[in-house]
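S.K.: Quick one, start.pdb (PDB, C-alpha atoms, pLDDT in the B column):
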ATOM      1  CA  MET A  58      -5.641 -16.154  17.604  1.00 89.00           C
ATOM      2  CA  LYS A  59      -6.948 -14.149  20.531  1.00 95.00           C
ATOM      3  CA  GLN A  60      -3.884 -11.895  20.428  1.00 96.00           C
ATOM      4  CA  LEU A  61      -4.528 -11.058  16.781  1.00 97.00           C
ATOM      5  CA  PHE A  62      -8.199 -10.374  17.418  1.00 98.00           C
ATOM      6  CA  HIS A  63      -7.557  -8.200  20.478  1.00 98.00           C
ATOM      7  CA  ALA A  64      -4.847  -6.234  18.683  1.00 98.00           C
ATOM      8  CA  ALA A  65      -7.136  -5.672  15.678  1.00 98.00           C
ATOM      9  CA  ALA A  66      -9.922  -4.501  17.998  1.00 99.00           C
ATOM     10  CA  ALA A  67      -7.534  -2.109  19.769  1.00 99.00           C
ATOM     11  CA  TYR A  68      -6.426  -0.676  16.423  1.00 99.00           C
ATOM     12  CA  LEU A  69     -10.066  -0.238  15.429  1.00 99.00           C
ATOM     13  CA  VAL A  70     -10.654   1.911  18.506  1.00 99.00           C
ATOM     14  CA  ALA A  71      -7.377   3.806  17.952  1.00 98.00           C
ATOM     15  CA  GLY A  72      -8.148   4.356  14.264  1.00 98.00           C
ATOM     16  CA  LEU A  73     -11.623   5.686  14.939  1.00 98.00           C
ATOM     17  CA  ALA A  74     -10.346   7.867  17.794  1.00 98.00           C
ATOM     18  CA  SER A  75      -7.573   9.312  15.632  1.00 98.00           C
ATOM     19  CA  GLY A  76     -10.119  10.206  12.951  1.00 97.00           C
ATOM     20  CA  LEU A  77     -12.194  12.011  15.557  1.00 98.00           C
ATOM     21  CA  TYR A  78      -9.061  13.739  16.893  1.00 98.00           C
ATOM     22  CA  TYR A  79      -8.168  14.910  13.374  1.00 98.00           C
ATOM     23  CA  ARG A  80     -11.637  16.308  12.783  1.00 97.00           C
ATOM     24  CA  GLU A  81     -11.899  18.084  16.116  1.00 97.00           C
ATOM     25  CA  LEU A  82      -8.348  19.465  16.139  1.00 98.00           C
ATOM     26  CA  THR A  83      -8.572  20.889  12.617  1.00 97.00           C
ATOM     27  CA  LYS A  84     -11.979  22.367  13.431  1.00 97.00           C
ATOM     28  CA  HIS A  85     -10.631  23.968  16.637  1.00 97.00           C
ATOM     29  CA  TYR A  86      -7.659  25.531  14.821  1.00 96.00           C
ATOM     30  CA  GLU A  87      -9.751  26.272  11.696  1.00 96.00           C
ATOM     31  CA  PHE A  88      -7.038  24.448   9.772  1.00 96.00           C
ATOM     32  CA  THR A  89      -7.683  23.668   6.113  1.00 94.00           C
ATOM     33  CA  GLY A  90      -4.232  22.621   4.896  1.00 93.00           C
ATOM     34  CA  SER A  91      -2.686  19.215   4.468  1.00 94.00           C
ATOM     35  CA  THR A  92      -1.499  17.276   7.510  1.00 94.00           C
ATOM     36  CA  GLN A  93      -0.305  13.808   8.509  1.00 94.00           C
ATOM     37  CA  LEU A  94      -3.365  13.598  10.755  1.00 94.00           C
ATOM     38  CA  ALA A  95      -5.525  13.165   7.668  1.00 93.00           C
ATOM     39  CA  VAL A  96      -4.022   9.740   6.971  1.00 95.00           C
ATOM     40  CA  ALA A  97      -3.221   8.511  10.487  1.00 96.00           C
ATOM     41  CA  HIS A  98      -6.629   6.919  10.972  1.00 95.00           C
ATOM     42  CA  THR A  99      -6.494   5.135   7.614  1.00 96.00           C
ATOM     43  CA  HIS A 100      -3.046   3.787   8.479  1.00 97.00           C
ATOM     44  CA  LEU A 101      -4.291   2.498  11.830  1.00 98.00           C
ATOM     45  CA  LEU A 102      -7.370   0.936  10.249  1.00 98.00           C
ATOM     46  CA  THR A 103      -5.477  -0.616   7.340  1.00 98.00           C
ATOM     47  CA  LEU A 104      -2.222  -1.709   8.991  1.00 98.00           C
ATOM     48  CA  GLY A 105      -3.820  -2.434  12.344  1.00 98.00           C
ATOM     49  CA  VAL A 106      -7.269  -3.814  11.623  1.00 98.00           C
ATOM     50  CA  ILE A 107      -7.281  -5.160   8.075  1.00 98.00           C
ATOM     51  CA  VAL A 108      -3.773  -6.663   8.066  1.00 98.00           C
ATOM     52  CA  LEU A 109      -4.285  -8.316  11.453  1.00 98.00           C
ATOM     53  CA  LEU A 110      -7.697  -9.689  10.444  1.00 98.00           C
ATOM     54  CA  ILE A 111      -6.066 -11.194   7.346  1.00 98.00           C
ATOM     55  CA  ALA A 112      -3.345 -12.621   9.605  1.00 98.00           C
ATOM     56  CA  LEU A 113      -6.122 -14.028  11.819  1.00 98.00           C
ATOM     57  CA  VAL A 114      -7.661 -15.847   8.847  1.00 98.00           C
ATOM     58  CA  LEU A 115      -4.249 -17.173   7.791  1.00 97.00           C
ATOM     59  CA  GLU A 116      -3.646 -18.302  11.375  1.00 97.00           C
ATOM     60  CA  LYS A 117      -6.955 -20.180  11.322  1.00 96.00           C
ATOM     61  CA  VAL A 118      -6.149 -21.873   8.007  1.00 95.00           C
ATOM     62  CA  PHE A 119      -2.414 -22.578   8.415  1.00 95.00           C
ATOM     63  CA  THR A 120      -1.770 -22.314  12.181  1.00 96.00           C
ATOM     64  CA  VAL A 121       1.075 -19.880  11.583  1.00 96.00           C
ATOM     65  CA  SER A 122       1.704 -19.781  15.336  1.00 96.00           C
ATOM     66  CA  ALA A 123       3.001 -23.363  15.086  1.00 95.00           C
ATOM     67  CA  SER A 124       6.300 -21.528  14.571  1.00 92.00           C
ATOM     68  CA  PRO A 125       5.928 -19.899  17.999  1.00 94.00           C
ATOM     69  CA  ARG A 126       9.195 -18.033  18.097  1.00 96.00           C
ATOM     70  CA  LEU A 127       8.721 -16.447  14.661  1.00 96.00           C
ATOM     71  CA  PHE A 128       5.086 -15.711  15.358  1.00 96.00           C
ATOM     72  CA  ARG A 129       5.863 -14.030  18.697  1.00 97.00           C
ATOM     73  CA  TRP A 130       8.588 -11.931  17.076  1.00 98.00           C
ATOM     74  CA  PHE A 131       6.158 -10.982  14.292  1.00 98.00           C
ATOM     75  CA  LEU A 132       3.507  -9.874  16.779  1.00 98.00           C
ATOM     76  CA  TRP A 133       5.831  -7.706  18.845  1.00 98.00           C
ATOM     77  CA  THR A 134       7.800  -6.248  15.941  1.00 98.00           C
ATOM     78  CA  TYR A 135       4.828  -5.546  13.693  1.00 99.00           C
ATOM     79  CA  ASN A 136       2.730  -4.008  16.465  1.00 98.00           C
ATOM     80  CA  ALA A 137       5.639  -1.853  17.615  1.00 98.00           C
ATOM     81  CA  GLY A 138       5.999  -0.647  14.027  1.00 98.00           C
ATOM     82  CA  VAL A 139       2.316   0.215  13.679  1.00 98.00           C
ATOM     83  CA  VAL A 140       2.250   2.049  17.009  1.00 98.00           C
ATOM     84  CA  LEU A 141       5.495   3.936  16.397  1.00 98.00           C
ATOM     85  CA  SER A 142       4.627   4.947  12.824  1.00 97.00           C
ATOM     86  CA  SER A 143       1.102   6.018  13.738  1.00 98.00           C
ATOM     87  CA  ALA A 144       2.211   7.917  16.830  1.00 98.00           C
ATOM     88  CA  MET A 145       4.735   9.884  14.774  1.00 97.00           C
ATOM     89  CA  MET A 146       2.097  10.679  12.147  1.00 97.00           C
ATOM     90  CA  ILE A 147      -0.221  11.966  14.853  1.00 98.00           C
ATOM     91  CA  TRP A 148       2.552  13.951  16.550  1.00 98.00           C
ATOM     92  CA  HIS A 149       3.754  15.441  13.253  1.00 97.00           C
ATOM     93  CA  GLY A 150       0.204  16.219  12.161  1.00 97.00           C
ATOM     94  CA  THR A 151      -0.636  17.864  15.468  1.00 97.00           C
ATOM     95  CA  LEU A 152       2.420  20.110  15.176  1.00 97.00           C
ATOM     96  CA  THR A 153       1.406  21.044  11.629  1.00 96.00           C
ATOM     97  CA  VAL A 154      -2.139  21.943  12.654  1.00 97.00           C
ATOM     98  CA  ALA A 155      -0.835  23.958  15.626  1.00 96.00           C
ATOM     99  CA  GLY A 156       1.469  25.887  13.286  1.00 95.00           C
ATOM    100  CA  GLN A 157       4.699  24.511  14.728  1.00 96.00           C
ATOM    101  CA  GLU A 158       7.705  23.076  12.937  1.00 93.00           C
ATOM    102  CA  SER A 159       8.351  19.361  12.901  1.00 91.00           C
ATOM    103  CA  THR A 160      11.813  18.028  13.682  1.00 92.00           C
ATOM    104  CA  LYS A 161      14.092  15.518  12.005  1.00 95.00           C
ATOM    105  CA  MET A 162      13.726  13.390  15.127  1.00 95.00           C
ATOM    106  CA  ILE A 163      10.067  12.742  14.295  1.00 95.00           C
ATOM    107  CA  ALA A 164      10.980  11.667  10.765  1.00 94.00           C
ATOM    108  CA  GLY A 165      13.737   9.417  12.104  1.00 96.00           C
ATOM    109  CA  ILE A 166      11.478   7.718  14.620  1.00 97.00           C
ATOM    110  CA  ALA A 167       8.796   7.284  11.951  1.00 96.00           C
ATOM    111  CA  GLY A 168      11.458   5.657   9.773  1.00 96.00           C
ATOM    112  CA  LEU A 169      12.246   3.222  12.587  1.00 98.00           C
ATOM    113  CA  GLY A 170       8.541   2.416  12.784  1.00 98.00           C
ATOM    114  CA  HIS A 171       8.480   1.614   9.082  1.00 97.00           C
ATOM    115  CA  ILE A 172      11.557  -0.580   9.447  1.00 98.00           C
ATOM    116  CA  LEU A 173       9.829  -2.488  12.266  1.00 98.00           C
ATOM    117  CA  LEU A 174       6.733  -2.911  10.077  1.00 98.00           C
ATOM    118  CA  THR A 175       8.878  -4.342   7.293  1.00 98.00           C
ATOM    119  CA  VAL A 176      10.730  -6.725   9.608  1.00 99.00           C
ATOM    120  CA  GLY A 177       7.424  -7.834  11.146  1.00 98.00           C
ATOM    121  CA  LEU A 178       5.899  -8.590   7.753  1.00 98.00           C
ATOM    122  CA  VAL A 179       8.986 -10.533   6.667  1.00 98.00           C
ATOM    123  CA  LEU A 180       8.826 -12.585   9.882  1.00 98.00           C
ATOM    124  CA  PHE A 181       5.149 -13.330   9.254  1.00 98.00           C
ATOM    125  CA  PHE A 182       5.862 -14.452   5.693  1.00 97.00           C
ATOM    126  CA  VAL A 183       8.698 -16.705   6.840  1.00 97.00           C
ATOM    127  CA  ALA A 184       6.410 -18.321   9.439  1.00 97.00           C
ATOM    128  CA  LEU A 185       3.572 -18.578   6.899  1.00 97.00           C
ATOM    129  CA  ARG A 186       5.870 -20.124   4.278  1.00 96.00           C
ATOM    130  CA  ARG A 187       6.928 -22.830   6.732  1.00 95.00           C
ATOM    131  CA  ARG A 188       3.308 -23.740   7.378  1.00 95.00           C
ATOM    132  CA  VAL A 189       2.255 -23.600   3.717  1.00 94.00           C
ATOM    133  CA  ILE A 190       5.107 -25.926   2.735  1.00 93.00           C
ATOM    134  CA  ALA A 191       4.270 -28.277   5.619  1.00 90.00           C
ATOM    135  CA  ALA A 192       0.552 -28.354   4.715  1.00 83.00           C
ATOM    136  CA  PRO A 193      -0.653 -31.303   2.616  1.00 82.00           C
ATOM    137  CA  SER A 194      -1.382 -30.246  -0.942  1.00 73.00           C
ATOM    138  CA  ALA A 195      -4.854 -30.611  -2.442  1.00 60.00           C
ATOM    139  CA  ALA A 196      -3.396 -32.526  -5.413  1.00 56.00           C
ATOM    140  CA  GLY A 197      -2.099 -35.225  -3.099  1.00 49.00           C
TER
END
What is this file in structure tokens?
M.R.:
Amino acid sequence: MKQLFHAAAAYLVAGLASGLYYRELTKHYEFTGSTQLAVAHTHLLTLGVIVLLIALVLEKVFTVSASPRLFRWFLWTYNAGVVLSSAMMIWHGTLTVAGQESTKMIAGIAGLGHILLTVGLVLFFVALRRRVIAAPSAAG
């Protein structure tokens, strides 16, 4: 549970910092167009903070980590996906604000981040399903 809490707290700091970065960078460049930076902080706050806090509650209720191998794989895969996807959004957005072209490499790496997010969520659901099925039902 501590890992989930600490990761959520780290994403809170990163999400708030990326929002500040977006505001200050666009102000410095007097940029008024659309950029990936505008949504990077909401992605960090939603995928990082909210999803992990929900996972924390589910861990408390169902002890999802009782499937330690699946849970460990979920943590590493999901967090790698959030970090990779968010980093590419910030990189792409920074290039846009600075008036530079983005590359296909950035899109490809962002795609890998999204794949990792998907795999991580599937792993979490598999671990959660095992615990939900193993839990005694309220009906008896």
S.K.: CA of Ser75 (chain A) and CA of Val114 (chain A), how far apart in Å?
M.R.: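 Between CA of Val114 (chain A) and CA of Ser75 (chain A) the gap is 26.1 Å.
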S.K.: Output the residue selection produced by the PyMOL selection byres ((chain A and resi 125) around 12) on the file above, formatted as a CSV table (one decimal) with C-alpha atoms, keeping the file's coordinate frame.
M.R.:
chain,number,residue,atom,x,y,z
A,116,GLU,CA,-3.6,-18.3,11.4
A,120,THR,CA,-1.8,-22.3,12.2
A,121,VAL,CA,1.1,-19.9,11.6
A,122,SER,CA,1.7,-19.8,15.3
A,123,ALA,CA,3.0,-23.4,15.1
A,124,SER,CA,6.3,-21.5,14.6
A,126,ARG,CA,9.2,-18.0,18.1
A,127,LEU,CA,8.7,-16.4,14.7
A,128,PHE,CA,5.1,-15.7,15.4
A,129,ARG,CA,5.9,-14.0,18.7
A,130,TRP,CA,8.6,-11.9,17.1
A,131,PHE,CA,6.2,-11.0,14.3
A,132,LEU,CA,3.5,-9.9,16.8
A,180,LEU,CA,8.8,-12.6,9.9
A,181,PHE,CA,5.1,-13.3,9.3
A,183,VAL,CA,8.7,-16.7,6.8
A,184,ALA,CA,6.4,-18.3,9.4
A,185,LEU,CA,3.6,-18.6,6.9
A,187,ARG,CA,6.9,-22.8,6.7
A,188,ARG,CA,3.3,-23.7,7.4
S.K.: I want to know what sits within 10 Å of Asn136 (chain A), based on all atoms listed in the file, with residues of the same chain fewer than 2 positions away left out; could you give that as a VMD selection string?
M.R.: chain A and resid 64 68 104 to 105 109 130 to 134 138 to 142 170 173 to 174 177
S.K.: Kindly export the residues of the current selection with C-alpha atoms, as a PDB file, keeping the file's coordinate frame.
M.R.:
ATOM      1  CA  ALA A  64      -4.847  -6.234  18.683  1.00 98.00           C
ATOM      2  CA  TYR A  68      -6.426  -0.676  16.423  1.00 99.00           C
ATOM      3  CA  LEU A 104      -2.222  -1.709   8.991  1.00 98.00           C
ATOM      4  CA  GLY A 105      -3.820  -2.434  12.344  1.00 98.00           C
ATOM      5  CA  LEU A 109      -4.285  -8.316  11.453  1.00 98.00           C
ATOM      6  CA  TRP A 130       8.588 -11.931  17.076  1.00 98.00           C
ATOM      7  CA  PHE A 131       6.158 -10.982  14.292  1.00 98.00           C
ATOM      8  CA  LEU A 132       3.507  -9.874  16.779  1.00 98.00           C
ATOM      9  CA  TRP A 133       5.831  -7.706  18.845  1.00 98.00           C
ATOM     10  CA  THR A 134       7.800  -6.248  15.941  1.00 98.00           C
ATOM     11  CA  GLY A 138       5.999  -0.647  14.027  1.00 98.00           C
ATOM     12  CA  VAL A 139       2.316   0.215  13.679  1.00 98.00           C
ATOM     13  CA  VAL A 140       2.250   2.049  17.009  1.00 98.00           C
ATOM     14  CA  LEU A 141       5.495   3.936  16.397  1.00 98.00           C
ATOM     15  CA  SER A 142       4.627   4.947  12.824  1.00 97.00           C
ATOM     16  CA  GLY A 170       8.541   2.416  12.784  1.00 98.00           C
ATOM     17  CA  LEU A 173       9.829  -2.488  12.266  1.00 98.00           C
ATOM     18  CA  LEU A 174       6.733  -2.911  10.077  1.00 98.00           C
ATOM     19  CA  GLY A 177       7.424  -7.834  11.146  1.00 98.00           C
TER      20      GLY A 177
END
S.K.: So the first atom is CA of Ala97 (chain A) and the second is CA of Gly165 (chain A); what is the distance between them in Å, to one decimal place?
M.R.: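 If I compute the distance from CA of Ala97 (chain A) to CA of Gly165 (chain A), I get 17.1 Å.
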S.K.: I need the residue nearest Ile190 (chain A) from this list: A:Phe119, A:Leu113, A:Val106, A:Gln93. Use all atoms listed in the file for the distance.
M.R.: A:Phe119
S.K.: When distances are computed from all atoms listed in the file, which of A:Ile147, A:Ala191, A:Leu61, A:Leu152 shows the smallest separation from Ala112 (chain A)?
M.R.: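 Among the listed residues, A:Leu61 lies closest to Ala112 (chain A).
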S.K.: Between CA of Arg186 (chain A) and CA of Leu101 (chain A), what is the distance in Å, rounded to a tenth?
M.R.: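 Value for the CA of Arg186 (chain A)-CA of Leu101 (chain A) distance: 25.9 Å.
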S.K.: Check the smallest atom-to-atom distance from each of A:Ile111, A:Val96, A:Leu77, A:Ala71 to Met58 (chain A) using all atoms listed in the file, then report the winner.
M.R.: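 Ranking A:Ile111, A:Val96, A:Leu77, A:Ala71 by distance to Met58 (chain A), first place goes to A:Ile111.
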S.K.: Using only C-alpha atoms, which residues sit within 9 Å of Leu73 (chain A) once same-chain residues fewer than 6 positions away are excluded, as an NGL selection string?
M.R.: :A and (98-99 or 101-102)
S.K.: Closest to Val108 (chain A) among A:Val179, A:Val189, A:Ala65, A:Ile172, using only C-alpha atoms?
M.R.: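 Ranking A:Val179, A:Val189, A:Ala65, A:Ile172 by distance to Val108 (chain A), first place goes to A:Ala65.
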S.K.: Let me know the residues the PyMOL selection byres ((chain A and resi 80) around 12) catches in the file above, as a ChimeraX atom specification.
M.R.: /A:73-79,81-89,92,94-98,150-151,154
S.K.: Those same residues, written as a short mmCIF file (atom, residue, chain, number, x, y, z; two decimals), in the coordinates of the input with C-alpha atoms?
M.R.:
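Wrote again_37.cif, looks like this:
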data_model
loop_
_atom_site.label_atom_id
_atom_site.label_comp_id
_atom_site.auth_asym_id
_atom_site.auth_seq_id
_atom_site.Cartn_x
_atom_site.Cartn_y
_atom_site.Cartn_z
CA LEU A 73 -11.62 5.69 14.94
CA ALA A 74 -10.35 7.87 17.79
CA SER A 75 -7.57 9.31 15.63
CA GLY A 76 -10.12 10.21 12.95
CA LEU A 77 -12.19 12.01 15.56
CA TYR A 78 -9.06 13.74 16.89
CA TYR A 79 -8.17 14.91 13.37
CA GLU A 81 -11.90 18.08 16.12
CA LEU A 82 -8.35 19.46 16.14
CA THR A 83 -8.57 20.89 12.62
CA LYS A 84 -11.98 22.37 13.43
CA HIS A 85 -10.63 23.97 16.64
CA TYR A 86 -7.66 25.53 14.82
CA GLU A 87 -9.75 26.27 11.70
CA PHE A 88 -7.04 24.45 9.77
CA THR A 89 -7.68 23.67 6.11
CA THR A 92 -1.50 17.28 7.51
CA LEU A 94 -3.36 13.60 10.76
CA ALA A 95 -5.52 13.16 7.67
CA VAL A 96 -4.02 9.74 6.97
CA ALA A 97 -3.22 8.51 10.49
CA HIS A 98 -6.63 6.92 10.97
CA GLY A 150 0.20 16.22 12.16
CA THR A 151 -0.64 17.86 15.47
CA VAL A 154 -2.14 21.94 12.65
#
